[in-house]
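A.B. asks: This is query-v8.cif, which holds mmCIF, C-alpha atoms:
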data_data
#
loop_
_atom_site.label_atom_id
_atom_site.label_comp_id
_atom_site.auth_asym_id
_atom_site.auth_seq_id
_atom_site.Cartn_x
_atom_site.Cartn_y
_atom_site.Cartn_z
CA MET A 3 -21.29 20.42 21.21
CA ALA A 4 -24.13 22.17 23.05
CA ASP A 5 -24.85 21.36 26.64
CA ARG A 6 -28.10 19.55 27.21
CA GLU A 7 -30.36 18.70 30.12
CA PRO A 8 -29.36 15.38 31.67
CA ASP A 9 -30.99 12.64 29.67
CA PRO A 10 -32.36 9.50 31.35
CA SER A 11 -30.10 7.48 29.07
CA ASP A 12 -27.10 9.29 30.55
CA ALA A 13 -27.31 6.60 33.17
CA ALA A 14 -25.88 4.29 30.51
CA LEU A 15 -22.76 6.44 30.14
CA PRO A 16 -19.68 5.49 32.15
CA ALA A 17 -19.01 7.66 35.15
CA PRO A 18 -15.78 9.58 35.69
CA PRO A 19 -12.92 9.08 36.16
CA TYR A 20 -12.95 7.93 32.52
CA SER A 21 -10.44 5.24 31.65
CA GLU A 22 -7.66 5.92 29.18
CA ASP A 23 -9.05 3.13 27.01
CA LEU A 24 -12.45 4.76 26.85
CA LEU A 25 -10.99 8.16 26.12
CA ALA A 26 -8.74 6.71 23.44
CA ASP A 27 -11.80 5.13 21.83
CA LEU A 28 -13.71 8.39 22.08
CA HIS A 29 -10.77 10.28 20.59
CA ALA A 30 -10.46 7.84 17.70
CA GLY A 31 -14.15 7.81 16.83
CA VAL A 32 -14.61 4.19 17.80
CA LEU A 33 -17.68 4.81 19.94
CA PRO A 34 -21.12 5.01 18.38
CA GLU A 35 -22.32 8.56 17.79
CA SER A 36 -25.15 8.15 20.27
CA VAL A 37 -22.56 7.61 22.99
CA SER A 38 -19.85 10.01 21.87
CA ASP A 39 -22.33 12.84 21.35
CA ARG A 40 -23.24 12.66 25.02
CA LEU A 41 -19.80 11.85 26.31
CA TRP A 42 -17.81 14.66 24.69
CA PRO A 43 -19.47 17.51 26.59
CA LEU A 44 -18.86 15.69 29.87
CA VAL A 45 -15.25 14.96 28.94
CA ARG A 46 -14.59 18.55 27.98
CA LYS A 47 -15.63 19.63 31.46
CA ASP A 48 -13.34 17.12 33.13
CA PRO A 49 -9.70 18.29 33.43
CA GLN A 50 -8.30 14.82 34.02
CA ALA A 51 -10.08 13.48 30.98
CA MET A 52 -8.99 16.43 28.87
CA ALA A 53 -5.39 15.84 29.92
CA VAL A 54 -5.69 12.41 28.33
CA ILE A 55 -7.35 13.81 25.22
CA ASP A 56 -4.62 16.45 24.96
CA ALA A 57 -1.96 13.76 25.31
CA LEU A 58 -3.56 11.78 22.51
CA ASP A 59 -3.72 14.89 20.35
CA ARG A 60 -0.06 15.56 21.03
CA VAL A 61 0.87 12.01 20.05
CA THR A 62 -1.16 12.31 16.87
CA ASP A 63 0.51 15.62 15.98
CA GLN A 64 3.94 14.15 16.52
CA LEU A 65 3.12 11.11 14.46
CA GLY A 66 2.00 13.42 11.68
CA ALA A 67 5.24 15.35 11.87
CA LEU A 68 7.18 12.11 11.83
CA GLY A 69 5.27 10.96 8.77
CA ARG A 70 6.04 14.18 6.93
CA ASP A 71 9.72 13.97 7.78
CA HIS A 72 11.21 12.54 4.62
CA SER A 73 14.72 12.78 5.98
CA VAL A 74 14.34 9.79 8.28
CA SER A 75 16.49 6.89 7.23
CA THR A 76 17.85 3.50 8.17
CA PRO A 77 20.84 2.11 6.26
CA ILE A 78 19.50 -0.45 3.88
CA PRO A 79 21.14 -3.86 4.33
CA ALA A 80 23.55 -4.60 1.50
CA ASP A 81 21.86 -7.87 0.60
CA VAL A 82 18.47 -6.18 0.23
CA ALA A 83 19.87 -3.43 -1.96
CA ASP A 84 21.82 -5.95 -4.04
CA ARG A 85 18.80 -8.11 -4.59
CA ILE A 86 16.71 -5.14 -5.66
CA ASN A 87 19.42 -3.80 -7.96
CA ARG A 88 19.72 -7.22 -9.59
CA ALA A 89 15.99 -7.38 -10.12
CA LEU A 90 16.05 -3.91 -11.66
CA ALA A 91 18.96 -4.86 -13.91
CA ALA A 92 17.06 -7.94 -15.09
CA GLU A 93 14.08 -5.70 -15.74
CA ARG A 94 16.22 -3.30 -17.69
CA ASP A 95 17.94 -5.88 -19.87
CA THR A 96 14.77 -6.72 -21.73
CA PRO A 97 13.28 -5.31 -24.92
CA ALA A 98 11.72 -1.92 -24.32
CA GLU A 99 8.72 -2.61 -26.54
CA ALA A 100 5.71 -4.36 -25.13
CA THR A 101 5.75 -8.06 -25.82
CA VAL A 102 2.66 -10.13 -25.44
CA VAL A 103 3.74 -13.22 -23.56
CA PRO A 104 1.45 -16.22 -23.36
CA LEU A 105 -0.36 -16.30 -20.04
CA ALA A 106 1.38 -19.43 -18.72
CA ARG A 107 4.93 -18.16 -19.19
CA ARG A 108 3.98 -14.78 -17.87
CA ARG A 109 2.57 -16.20 -14.68
CA LYS A 110 5.85 -17.64 -13.44
CA TRP A 111 7.26 -14.25 -12.65
CA ALA A 112 4.05 -12.32 -12.78
CA ALA A 113 4.39 -11.42 -9.15
CA ALA A 114 7.17 -9.01 -9.92
CA ALA A 115 5.32 -7.60 -12.92
CA ALA A 116 2.10 -6.99 -11.09
CA GLY A 117 1.77 -3.42 -9.96
CA THR A 118 -0.65 -3.31 -7.10
CA PHE A 119 -0.27 0.21 -5.93
CA ALA A 120 -2.72 3.05 -6.16
CA ALA A 121 -0.33 5.91 -6.59
CA ALA A 122 1.63 6.15 -9.82
CA ALA A 123 0.93 2.57 -10.80
CA ALA A 124 -0.02 3.58 -14.31
CA VAL A 125 -0.39 0.07 -15.60
CA VAL A 126 -0.80 0.48 -19.32
CA VAL A 127 -0.54 -2.11 -22.01
CA ALA A 128 2.95 -1.02 -23.04
CA VAL A 129 4.52 -2.53 -19.95
CA ALA A 130 8.07 -3.75 -20.34
CA VAL A 131 7.68 -7.46 -20.09
CA VAL A 132 10.42 -9.59 -18.57
CA THR A 133 11.03 -12.89 -20.32
CA PRO A 134 11.66 -15.74 -17.89
CA ASP A 135 15.16 -16.47 -19.23
CA SER A 136 16.63 -13.12 -18.41
CA ARG A 137 15.52 -13.01 -14.85
CA GLU A 138 18.33 -13.72 -12.43
CA SER A 139 16.36 -13.69 -9.25
CA GLU A 140 13.20 -15.28 -7.98
CA PRO A 141 10.04 -13.21 -8.00
CA ALA A 142 9.60 -11.38 -4.74
CA VAL A 143 6.14 -12.76 -4.17
CA ALA A 144 5.11 -16.30 -4.87
CA LEU A 145 1.69 -16.73 -6.38
CA PRO A 146 -0.44 -19.53 -4.96
CA SER A 147 -1.31 -22.73 -6.78
CA SER A 148 -2.00 -21.13 -10.15
CA GLU A 149 1.75 -20.78 -10.62
CA THR A 150 2.28 -24.40 -11.45
CA SER A 151 -0.57 -24.84 -13.94
CA PRO A 152 0.38 -25.79 -17.50
CA ALA A 153 -0.33 -23.41 -20.37
CA PRO A 154 -2.82 -21.84 -20.99
CA ALA A 155 -4.82 -22.92 -17.99
CA VAL A 156 -7.51 -21.19 -16.04
CA LEU A 157 -6.21 -18.65 -13.54
CA ASP A 158 -7.52 -19.50 -10.11
CA LEU A 159 -8.25 -16.29 -8.27
CA GLY A 160 -9.13 -18.06 -5.07
CA THR A 161 -11.80 -16.30 -3.13
CA ASP A 162 -11.10 -12.65 -3.73
CA LEU A 163 -9.96 -10.17 -6.33
CA ASP A 164 -6.31 -9.59 -5.64
CA SER A 165 -5.20 -6.76 -7.88
CA GLY A 166 -1.75 -8.27 -8.25
CA ARG A 167 -3.10 -11.47 -9.70
CA LEU A 168 -5.73 -9.67 -11.76
CA LEU A 169 -3.10 -7.59 -13.46
CA THR A 170 -1.21 -10.66 -14.65
CA VAL A 171 -3.63 -10.92 -17.58
CA ILE A 172 -2.64 -7.55 -18.97
CA GLY A 173 -1.69 -7.99 -22.61
CA SER A 174 -3.29 -11.40 -22.79
CA ARG A 175 -6.26 -12.20 -24.97
CA GLN A 176 -8.14 -15.24 -23.80
CA LEU A 177 -11.82 -14.54 -24.07
CA GLY A 178 -13.18 -18.08 -24.03
CA PRO A 179 -16.95 -17.89 -24.44
CA LEU A 180 -16.72 -14.17 -25.23
CA GLU A 181 -14.60 -14.54 -28.39
CA ASP A 182 -17.45 -13.24 -30.48
CA PRO A 183 -16.88 -9.46 -30.59
CA ALA A 184 -20.59 -8.75 -30.69
CA GLN A 185 -21.22 -10.82 -27.59
CA LEU A 186 -18.24 -9.22 -25.84
CA ALA A 187 -19.58 -5.76 -26.60
CA GLU A 188 -23.03 -6.69 -25.33
CA CYS A 189 -21.53 -8.22 -22.24
CA LEU A 190 -19.60 -5.06 -21.42
CA ARG A 191 -22.62 -2.91 -22.12
CA ALA A 192 -24.77 -5.07 -19.85
CA ASN A 193 -22.25 -4.41 -17.09
CA GLY A 194 -22.41 -0.67 -17.63
CA ILE A 195 -19.08 -0.51 -19.45
CA GLU A 196 -18.79 1.31 -22.76
CA PRO A 197 -17.45 -1.25 -25.28
CA SER A 198 -15.25 1.47 -26.75
CA ARG A 199 -13.08 1.50 -23.64
CA PRO A 200 -9.75 -0.22 -24.33
CA LEU A 201 -9.62 -3.88 -23.36
CA LEU A 202 -6.27 -4.19 -21.64
CA GLY A 203 -6.37 -7.92 -21.11
CA SER A 204 -8.55 -10.93 -20.66
CA GLY A 205 -8.30 -14.44 -19.30
CA GLU A 206 -10.34 -17.38 -18.21
CA VAL A 207 -10.44 -17.54 -14.44
CA ARG A 208 -12.01 -19.28 -11.52
CA LEU A 209 -13.25 -17.17 -8.65
CA ASP A 210 -14.40 -18.93 -5.53
CA GLY A 211 -14.65 -22.06 -7.59
CA VAL A 212 -16.90 -20.43 -10.19
CA PRO A 213 -15.56 -20.37 -13.76
CA GLY A 214 -15.65 -17.04 -15.54
CA VAL A 215 -13.89 -14.62 -17.82
CA LEU A 216 -11.77 -11.79 -16.43
CA LEU A 217 -11.84 -8.58 -18.43
CA LEU A 218 -9.47 -5.71 -17.69
CA VAL A 219 -10.83 -2.51 -19.14
CA ALA A 220 -9.38 0.98 -18.97
CA ALA A 221 -11.48 2.88 -16.45
CA PRO A 222 -12.80 6.34 -17.31
CA ARG A 223 -10.09 7.86 -15.16
CA PRO A 224 -6.65 6.52 -16.16
CA PRO A 225 -4.51 4.96 -14.86
CA GLN A 226 -7.38 3.18 -13.16
CA ILE A 227 -8.48 -0.19 -14.46
CA THR A 228 -11.82 -1.87 -14.12
CA ALA A 229 -11.50 -5.59 -13.46
CA LEU A 230 -14.68 -7.47 -14.32
CA VAL A 231 -15.30 -11.19 -13.90
CA VAL A 232 -18.35 -12.48 -15.73
CA GLY A 233 -19.97 -15.82 -16.35
CA ARG A 234 -19.94 -17.44 -19.76
CA GLU A 235 -23.53 -16.48 -20.41
CA CYS A 236 -22.70 -12.79 -20.28
CA GLY A 237 -24.23 -10.97 -23.21
CA ALA A 238 -27.07 -8.72 -24.28
CA GLY A 239 -29.34 -8.09 -21.32
CA ASP A 240 -27.43 -10.51 -19.06
CA PRO A 241 -24.47 -9.01 -17.19
CA ALA A 242 -23.69 -12.35 -15.52
CA THR A 243 -21.50 -10.38 -13.17
CA ILE A 244 -19.46 -12.52 -10.82
CA ALA A 245 -17.32 -9.72 -9.43
CA VAL A 246 -16.06 -6.28 -10.32
CA THR A 247 -13.44 -4.04 -8.81
CA GLU A 248 -11.42 -0.95 -9.62
CA ILE A 249 -7.66 -1.08 -9.55
CA GLY A 250 -5.52 1.97 -9.07
CA MET B 18 25.46 5.81 -22.26
CA ARG B 19 24.67 8.59 -19.85
CA ILE B 20 21.95 10.83 -21.10
CA PHE B 21 21.31 13.15 -18.20
CA ARG B 22 22.69 16.63 -18.06
CA GLY B 23 23.87 18.05 -14.77
CA ASP B 24 22.85 21.38 -13.36
CA SER B 25 25.36 24.15 -12.72
CA GLU B 26 26.96 22.18 -9.87
CA GLY B 27 27.40 19.14 -12.11
CA GLU B 28 24.95 17.03 -10.11
CA PRO B 29 21.78 15.93 -11.90
CA SER B 30 18.57 16.55 -10.00
CA ASP B 31 16.24 13.71 -9.06
CA VAL B 32 13.89 14.81 -11.81
CA ASP B 33 16.77 14.82 -14.30
CA LEU B 34 17.69 11.27 -13.33
CA LEU B 35 14.15 10.06 -13.64
CA ALA B 36 13.79 11.69 -17.03
CA ALA B 37 17.08 10.14 -18.12
CA HIS B 38 15.81 6.76 -17.01
CA VAL B 39 12.64 7.19 -19.01
CA ALA B 40 14.76 8.23 -21.97
CA GLY B 41 16.73 5.00 -21.73
CA ASP B 42 19.77 5.80 -19.56
CA ARG B 43 20.83 2.46 -18.11
CA HIS B 44 22.25 3.75 -14.85
CA ALA B 45 20.07 6.70 -13.96
CA PHE B 46 17.52 4.80 -11.93
CA GLU B 47 20.07 3.05 -9.76
CA THR B 48 21.85 6.35 -9.18
CA LEU B 49 18.54 7.87 -8.20
CA LEU B 50 17.76 5.06 -5.80
CA GLY B 51 21.13 5.47 -4.15
CA ARG B 52 19.92 8.84 -2.92
CA HIS B 53 16.71 7.48 -1.45
CA TYR B 54 17.35 3.84 -0.51
CA ASP B 55 17.89 4.49 3.20
CA HIS B 56 14.78 6.61 3.55
CA LEU B 57 12.65 4.13 1.59
CA TRP B 58 14.03 1.21 3.62
CA HIS B 59 13.16 3.04 6.81
CA VAL B 60 9.63 3.65 5.56
CA ALA B 61 9.22 0.08 4.34
CA LYS B 62 10.27 -1.32 7.70
CA ARG B 63 7.87 0.75 9.75
CA THR B 64 5.00 0.10 7.35
CA SER B 65 5.48 -3.68 7.29
CA TYR B 66 4.89 -6.47 9.75
CA THR B 67 8.35 -8.00 9.34
CA THR B 68 11.72 -7.06 7.91
CA GLU B 69 11.27 -9.75 5.28
CA ASP B 70 7.96 -8.26 4.19
CA ALA B 71 9.60 -4.87 4.06
CA ALA B 72 12.28 -6.14 1.69
CA ASP B 73 9.73 -7.87 -0.55
CA ALA B 74 7.43 -4.86 -0.63
CA LEU B 75 10.30 -2.48 -1.31
CA GLN B 76 11.40 -4.60 -4.25
CA GLU B 77 7.88 -4.70 -5.67
CA ALA B 78 7.54 -0.97 -5.21
CA LEU B 79 10.82 -0.09 -6.87
CA LEU B 80 10.20 -2.43 -9.80
CA SER B 81 6.90 -0.67 -10.30
CA ALA B 82 8.53 2.74 -10.08
CA HIS B 83 11.20 1.59 -12.50
CA ARG B 84 8.53 0.56 -14.96
CA ASN B 85 6.15 3.44 -14.49
CA ALA B 86 8.61 6.30 -14.15
CA GLY B 87 6.94 7.93 -17.12
CA SER B 88 3.84 8.49 -15.02
CA PHE B 89 5.64 10.72 -12.53
CA ARG B 90 3.98 14.09 -12.59
CA ARG B 91 6.43 16.80 -11.66
CA ASP B 92 4.13 18.28 -9.06
CA ALA B 93 5.93 16.65 -6.15
CA ALA B 94 9.41 15.64 -5.13
CA VAL B 95 10.66 12.37 -6.56
CA ARG B 96 11.32 11.14 -3.04
CA SER B 97 7.70 11.77 -2.09
CA TRP B 98 6.56 9.89 -5.17
CA LEU B 99 8.77 6.92 -4.31
CA HIS B 100 7.71 7.17 -0.67
CA THR B 101 4.03 6.86 -1.58
CA ILE B 102 4.63 3.90 -3.89
CA VAL B 103 6.53 2.11 -1.13
CA VAL B 104 3.85 2.80 1.50
CA ASN B 105 1.11 1.53 -0.81
CA ALA B 106 3.10 -1.61 -1.60
CA CYS B 107 3.62 -2.32 2.09
CA LEU B 108 -0.02 -1.82 3.03
CA ASP B 109 -1.16 -3.88 0.08
CA ARG B 110 1.13 -6.69 1.15
CA ILE B 111 -0.47 -6.63 4.60
CA ARG B 112 -3.86 -6.89 2.95
CA ARG B 113 -2.76 -9.84 0.86
CA ASN B 114 -1.12 -11.63 3.77
CA LYS B 115 -3.99 -11.27 6.20
CA ALA B 116 -4.07 -14.97 6.91
CA ARG B 117 -0.51 -15.02 8.17
CA PRO B 118 0.18 -14.69 11.89
CA ALA B 119 1.57 -11.33 12.83
CA VAL B 120 5.05 -11.22 14.25
CA SER B 121 6.29 -8.07 15.90
CA LEU B 122 9.28 -6.33 14.30
CA SER B 123 11.11 -6.56 17.61
CA ALA B 124 10.95 -10.35 17.43
CA ASP B 125 13.08 -10.45 14.28
CA GLU B 126 16.25 -12.49 14.64
CA ASP B 127 18.59 -10.04 13.02
CA ASP B 128 17.15 -6.96 14.63
CA GLU B 129 19.21 -3.83 14.97
CA PRO B 130 20.42 -3.08 18.48
CA ARG B 131 17.72 -1.47 20.58
CA ASP B 132 19.71 1.74 20.71
CA THR B 133 18.86 3.12 17.31
CA ARG B 134 20.66 6.39 17.88
CA ASP B 135 23.28 5.48 15.29
CA TYR B 136 20.71 4.93 12.58
CA VAL B 137 17.77 7.21 12.97
CA SER B 138 17.53 10.89 12.24
CA GLU B 139 19.16 13.37 14.56
CA VAL B 140 16.07 14.96 15.97
CA GLU B 141 15.78 13.66 19.53
CA LEU B 142 12.03 13.69 19.79
CA SER B 143 11.24 12.01 16.50
CA LEU B 144 13.76 9.32 17.45
CA VAL B 145 11.94 8.63 20.67
CA VAL B 146 8.55 8.56 18.96
CA GLU B 147 9.89 6.32 16.21
CA ARG B 148 11.33 3.88 18.73
CA ALA B 149 8.05 3.77 20.64
CA LEU B 150 6.23 3.20 17.37
CA ALA B 151 8.47 0.26 16.53
CA GLN B 152 7.48 -1.41 19.78
CA LEU B 153 3.77 -1.51 19.01
CA PRO B 154 2.11 -4.73 17.89
CA PRO B 155 2.34 -4.74 14.07
CA ASP B 156 -1.38 -4.36 13.45
CA GLN B 157 -1.60 -1.25 15.62
CA ARG B 158 1.66 0.13 14.28
CA THR B 159 0.67 -0.23 10.63
CA ALA B 160 -2.78 1.26 11.25
CA ILE B 161 -1.13 4.27 12.89
CA VAL B 162 1.42 4.53 10.10
CA ALA B 163 -1.35 4.52 7.50
CA VAL B 164 -3.60 7.04 9.29
CA ASP B 165 -1.41 9.24 11.50
CA LEU B 166 1.88 9.20 9.63
CA GLU B 167 0.82 8.83 6.05
CA GLY B 168 -2.40 10.82 6.41
CA ARG B 169 -4.80 8.32 4.87
CA SER B 170 -8.43 8.57 5.94
CA THR B 171 -9.68 5.69 8.05
CA SER B 172 -11.83 4.48 5.16
CA GLU B 173 -8.86 4.63 2.77
CA ALA B 174 -6.66 2.82 5.27
CA ALA B 175 -9.40 0.22 5.77
CA ALA B 176 -9.55 -0.45 2.01
CA LEU B 177 -5.77 -0.64 1.70
CA LEU B 178 -5.42 -2.98 4.66
CA GLY B 179 -8.46 -5.05 3.78
CA VAL B 180 -10.15 -4.63 7.15
CA PRO B 181 -13.32 -2.86 8.35
CA GLU B 182 -13.07 0.83 9.16
CA GLY B 183 -14.00 0.15 12.80
CA THR B 184 -10.98 -2.13 13.07
CA VAL B 185 -8.68 0.62 11.81
CA LYS B 186 -10.10 3.11 14.30
CA SER B 187 -9.84 0.65 17.14
CA ARG B 188 -6.22 -0.24 16.30
CA CYS B 189 -5.39 3.47 16.12
CA ALA B 190 -7.06 4.06 19.49
CA ARG B 191 -5.10 1.25 21.12
CA GLY B 192 -1.83 2.26 19.50
CA ARG B 193 -2.12 5.97 20.29
CA LYS B 194 -2.93 5.14 23.88
CA LYS B 195 0.12 2.90 24.15
CA LEU B 196 2.33 5.55 22.58
CA ALA B 197 1.02 8.32 24.81
CA SER B 198 1.64 6.03 27.73
CA SER B 199 5.17 5.00 26.76
CA LEU B 200 6.02 8.60 25.94
CA GLU B 201 4.68 9.50 29.36
CA TYR B 202 2.27 12.06 28.02
CA PHE B 203 -0.47 11.01 30.38
CA ARG B 204 1.12 12.66 33.35
CA VAL B 205 -0.94 15.75 34.07
CA GLU B 206 2.03 17.49 35.66
CA GLY B 207 5.70 17.05 34.99
CA ASN B 208 7.46 16.39 31.72
CA ARG B 209 5.91 18.40 28.95
CA SER B 210 8.80 18.17 26.50
#
Can the structure from this file be put into structure tokens for me?
C.D. replies:
Amino acid sequence: MADREPDPSDAALPAPPYSEDLLADLHAGVLPESVSDRLWPLVRKDPQAMAVIDALDRVTDQLGALGRDHSVSTPIPADVADRINRALAAERDTPAEATVVPLARRRKWAAAAAGTFAAAAAVVVAVAVVTPDSRESEPAVALPSSETSPAPAVLDLGTDLDSGRLLTVIGSRQLGPLEDPAQLAECLRANGIEPSRPLLGSGEVRLDGVPGVLLLVAAPRPPQITALVVGRECGAGDPATIAVTEIG
Amino acid sequence: MRIFRGDSEGEPSDVDLLAAHVAGDRHAFETLLGRHYDHLWHVAKRTSYTTEDAADALQEALLSAHRNAGSFRRDAAVRSWLHTIVVNACLDRIRRNKARPAVSLSADEDDEPRDTRDYVSEVELSLVVERALAQLPPDQRTAIVAVDLEGRSTSEAAALLGVPEGTVKSRCARGRKKLASSLEYFRVEGNRS
């Protein structure tokens, strides 16, 4: 950063010695540019301040090295490993082919089935589906109130689009007001989605109290999925978009 | 039935095991996990607010890996692939549980003894850094894990954690300062280990 003539607004800058808190904020980019732009040149000329900055850089470097060290380990508790192995065995002892399970039955253990991770979570339709009977253990994550609804009820998404819950409709076909293929195609088109993209799942939902239809469509870049919630009036010229998000 | 073939030493590689799993071998995945469980548990713990969360997230992650093993692209080590899935599961769990009060790892009932020398890797310095990291408040620790350890950008970390980018930066600032302080890096003279 180039040195400048002292600016009247320099009076607003803190005076040295600069606190560790301030320098940590400066180092992390917390301060507004208008402040950091003026502060950095002063800090660089101040040996005490630079000692702090150097210390923070050193910490950051070491944290990076620690993160890249894939040999670190902590013995996994036996009960944790056992529980996971049992869940995997239950997963394994199911038919390999994709089975479309009605939404209500699926939801009981949907938590385990929902892949919510960006990397490698290639959620495609041919997901091995676990039938409730063969599961030995409880799902790791309990879904909120929608879990106890009778079949096939509206999936309450609460107030935000949780990718885990969204993905529970994969393989389901519950289009409600959008049953008409022509209307569905128009609805997708109105939302900027090519109707030719595979529809991976659909379900009637409630988002923030508003009823709608959730459509899971393969995004242009697999394994990403576009999750779109629309109102019942969605159709030609009316996107009726309630919410949209990308998963993966 | 065991499908995998060993290499010249008779031990199947990680990639072999994963391929065998995809091909239908019933034991390959568990064998594979046996090689990586301790590392993945370590990662899950430091990337989660509580030990319980770590266990839940690890289970979710490994179920996903079990299901989606076919998507593994052989451009990285299998351990790195599993590592990333676990980190993402942990951060996503934090995002989903935002409403819950944060409890520091060190407040866990069944915590390991403070002297982690028996458990953590041999390298003296990384042990010290790791221990200092474990002592941070969970929100600062997980922000630092996401950004400084796992190399996510602050905007990526913000999206994963479900918080504004400024919050991520501020947590990182606080956490790094605490670490530098507890590692005694702020001394201008003296210990420069």
A.B. asks: Calculate how many Å separate CA of Leu34 in chain B from CA of Leu50 in chain B, rounding to one decimal.
C.D. replies: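 Taking CA of Leu34 in chain B and CA of Leu50 in chain B, their separation equals 9.8 Å.
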A.B. asks: If you measure from CA of Val39 in chain B to CA of Phe89 in chain B, what distance in Å do you get, rounded to one decimal?
C.D. replies: 10.2 Å
A.B. asks: For chain A, which residue out of B:Glu173, B:Glu182, B:Asp70, B:Glu167 is the nearest one, using all atoms listed in the file?
C.D. replies: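 Closest to chain A, using all atoms listed in the file: B:Glu167.
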A.B. asks: I need the residue set behind the PyMOL selection byres ((chain A and resi 33) around 12) for this file; please write it as a list in words.
C.D. replies: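 When the PyMOL selection byres ((chain A and resi 33) around 12) is applied to the shown file, the picked residues are Leu15, Asp23, Leu24, Leu25, Ala26, Asp27, Leu28, His29, Ala30, Gly31, Val32, Pro34, Glu35, Ser36, Val37, Ser38, Asp39, Arg40, Leu41 and Trp42 of chain A; Gly183, Thr184, Lys186, Ser187 and Ala190 of chain B.
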A.B. asks: Could you expand the PyMOL selection byres ((chain B) within 7 of (chain A)) into the explicit residues it covers here, written as number ranges by chain?
C.D. replies: B: 54-56, 58-59, 72-73, 76-77, 80-81, 84-85, 88-89, 101-102, 105-106, 136-138, 143, 165-167, 183, 186-187, 189-191, 193-194, 197, 202-203, 205
A.B. asks: Go ahead and write the residues just picked, C-alpha atoms, as a short mmCIF file (atom, residue, chain, number, x, y, z; two decimals), keeping the file's coordinate frame.
C.D. replies:
data_model
loop_
_atom_site.label_atom_id
_atom_site.label_comp_id
_atom_site.auth_asym_id
_atom_site.auth_seq_id
_atom_site.Cartn_x
_atom_site.Cartn_y
_atom_site.Cartn_z
CA TYR B 54 17.35 3.84 -0.51
CA ASP B 55 17.89 4.49 3.20
CA HIS B 56 14.78 6.61 3.55
CA TRP B 58 14.03 1.21 3.62
CA HIS B 59 13.16 3.04 6.81
CA ALA B 72 12.28 -6.14 1.69
CA ASP B 73 9.73 -7.87 -0.55
CA GLN B 76 11.40 -4.60 -4.25
CA GLU B 77 7.88 -4.70 -5.67
CA LEU B 80 10.20 -2.43 -9.80
CA SER B 81 6.90 -0.67 -10.30
CA ARG B 84 8.53 0.56 -14.96
CA ASN B 85 6.15 3.44 -14.49
CA SER B 88 3.84 8.49 -15.02
CA PHE B 89 5.64 10.72 -12.53
CA THR B 101 4.03 6.86 -1.58
CA ILE B 102 4.63 3.90 -3.89
CA ASN B 105 1.11 1.53 -0.81
CA ALA B 106 3.10 -1.61 -1.60
CA TYR B 136 20.71 4.93 12.58
CA VAL B 137 17.77 7.21 12.97
CA SER B 138 17.53 10.89 12.24
CA SER B 143 11.24 12.01 16.50
CA ASP B 165 -1.41 9.24 11.50
CA LEU B 166 1.88 9.20 9.63
CA GLU B 167 0.82 8.83 6.05
CA GLY B 183 -14.00 0.15 12.80
CA LYS B 186 -10.10 3.11 14.30
CA SER B 187 -9.84 0.65 17.14
CA CYS B 189 -5.39 3.47 16.12
CA ALA B 190 -7.06 4.06 19.49
CA ARG B 191 -5.10 1.25 21.12
CA ARG B 193 -2.12 5.97 20.29
CA LYS B 194 -2.93 5.14 23.88
CA ALA B 197 1.02 8.32 24.81
CA TYR B 202 2.27 12.06 28.02
CA PHE B 203 -0.47 11.01 30.38
CA VAL B 205 -0.94 15.75 34.07
#
A.B. asks: Report the residues retrieved by the PyMOL selection byres ((chain A and resi 181) around 12) from the displayed file, expressed as number ranges by chain.
C.D. replies: A: 175-180, 182-189, 204-206, 215, 217, 234, 236-237
A.B. asks: Can those selected residues be exported to a file as a PDB file, in the frame of the given file so that it contains C-alpha atoms?
C.D. replies:
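Resulting contents of selection.pdb:
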ATOM      1  CA  ARG A 175      -6.260 -12.200 -24.970  1.00  0.00           C
ATOM      2  CA  GLN A 176      -8.140 -15.240 -23.800  1.00  0.00           C
ATOM      3  CA  LEU A 177     -11.820 -14.540 -24.070  1.00  0.00           C
ATOM      4  CA  GLY A 178     -13.180 -18.080 -24.030  1.00  0.00           C
ATOM      5  CA  PRO A 179     -16.950 -17.890 -24.440  1.00  0.00           C
ATOM      6  CA  LEU A 180     -16.720 -14.170 -25.230  1.00  0.00           C
ATOM      7  CA  ASP A 182     -17.450 -13.240 -30.480  1.00  0.00           C
ATOM      8  CA  PRO A 183     -16.880  -9.460 -30.590  1.00  0.00           C
ATOM      9  CA  ALA A 184     -20.590  -8.750 -30.690  1.00  0.00           C
ATOM     10  CA  GLN A 185     -21.220 -10.820 -27.590  1.00  0.00           C
ATOM     11  CA  LEU A 186     -18.240  -9.220 -25.840  1.00  0.00           C
ATOM     12  CA  ALA A 187     -19.580  -5.760 -26.600  1.00  0.00           C
ATOM     13  CA  GLU A 188     -23.030  -6.690 -25.330  1.00  0.00           C
ATOM     14  CA  CYS A 189     -21.530  -8.220 -22.240  1.00  0.00           C
ATOM     15  CA  SER A 204      -8.550 -10.930 -20.660  1.00  0.00           C
ATOM     16  CA  GLY A 205      -8.300 -14.440 -19.300  1.00  0.00           C
ATOM     17  CA  GLU A 206     -10.340 -17.380 -18.210  1.00  0.00           C
ATOM     18  CA  VAL A 215     -13.890 -14.620 -17.820  1.00  0.00           C
ATOM     19  CA  LEU A 217     -11.840  -8.580 -18.430  1.00  0.00           C
ATOM     20  CA  ARG A 234     -19.940 -17.440 -19.760  1.00  0.00           C
ATOM     21  CA  CYS A 236     -22.700 -12.790 -20.280  1.00  0.00           C
ATOM     22  CA  GLY A 237     -24.230 -10.970 -23.210  1.00  0.00           C
TER      23      GLY A 237
END
A.B. asks: Restricting the calculation to all atoms listed in the file, which member of B:Ala40, B:Leu99, B:Cys107, B:Val162 is positioned closest to Glu147 in chain B?
C.D. replies: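 With all atoms listed in the file as the atom set, the closest residue is B:Val162.
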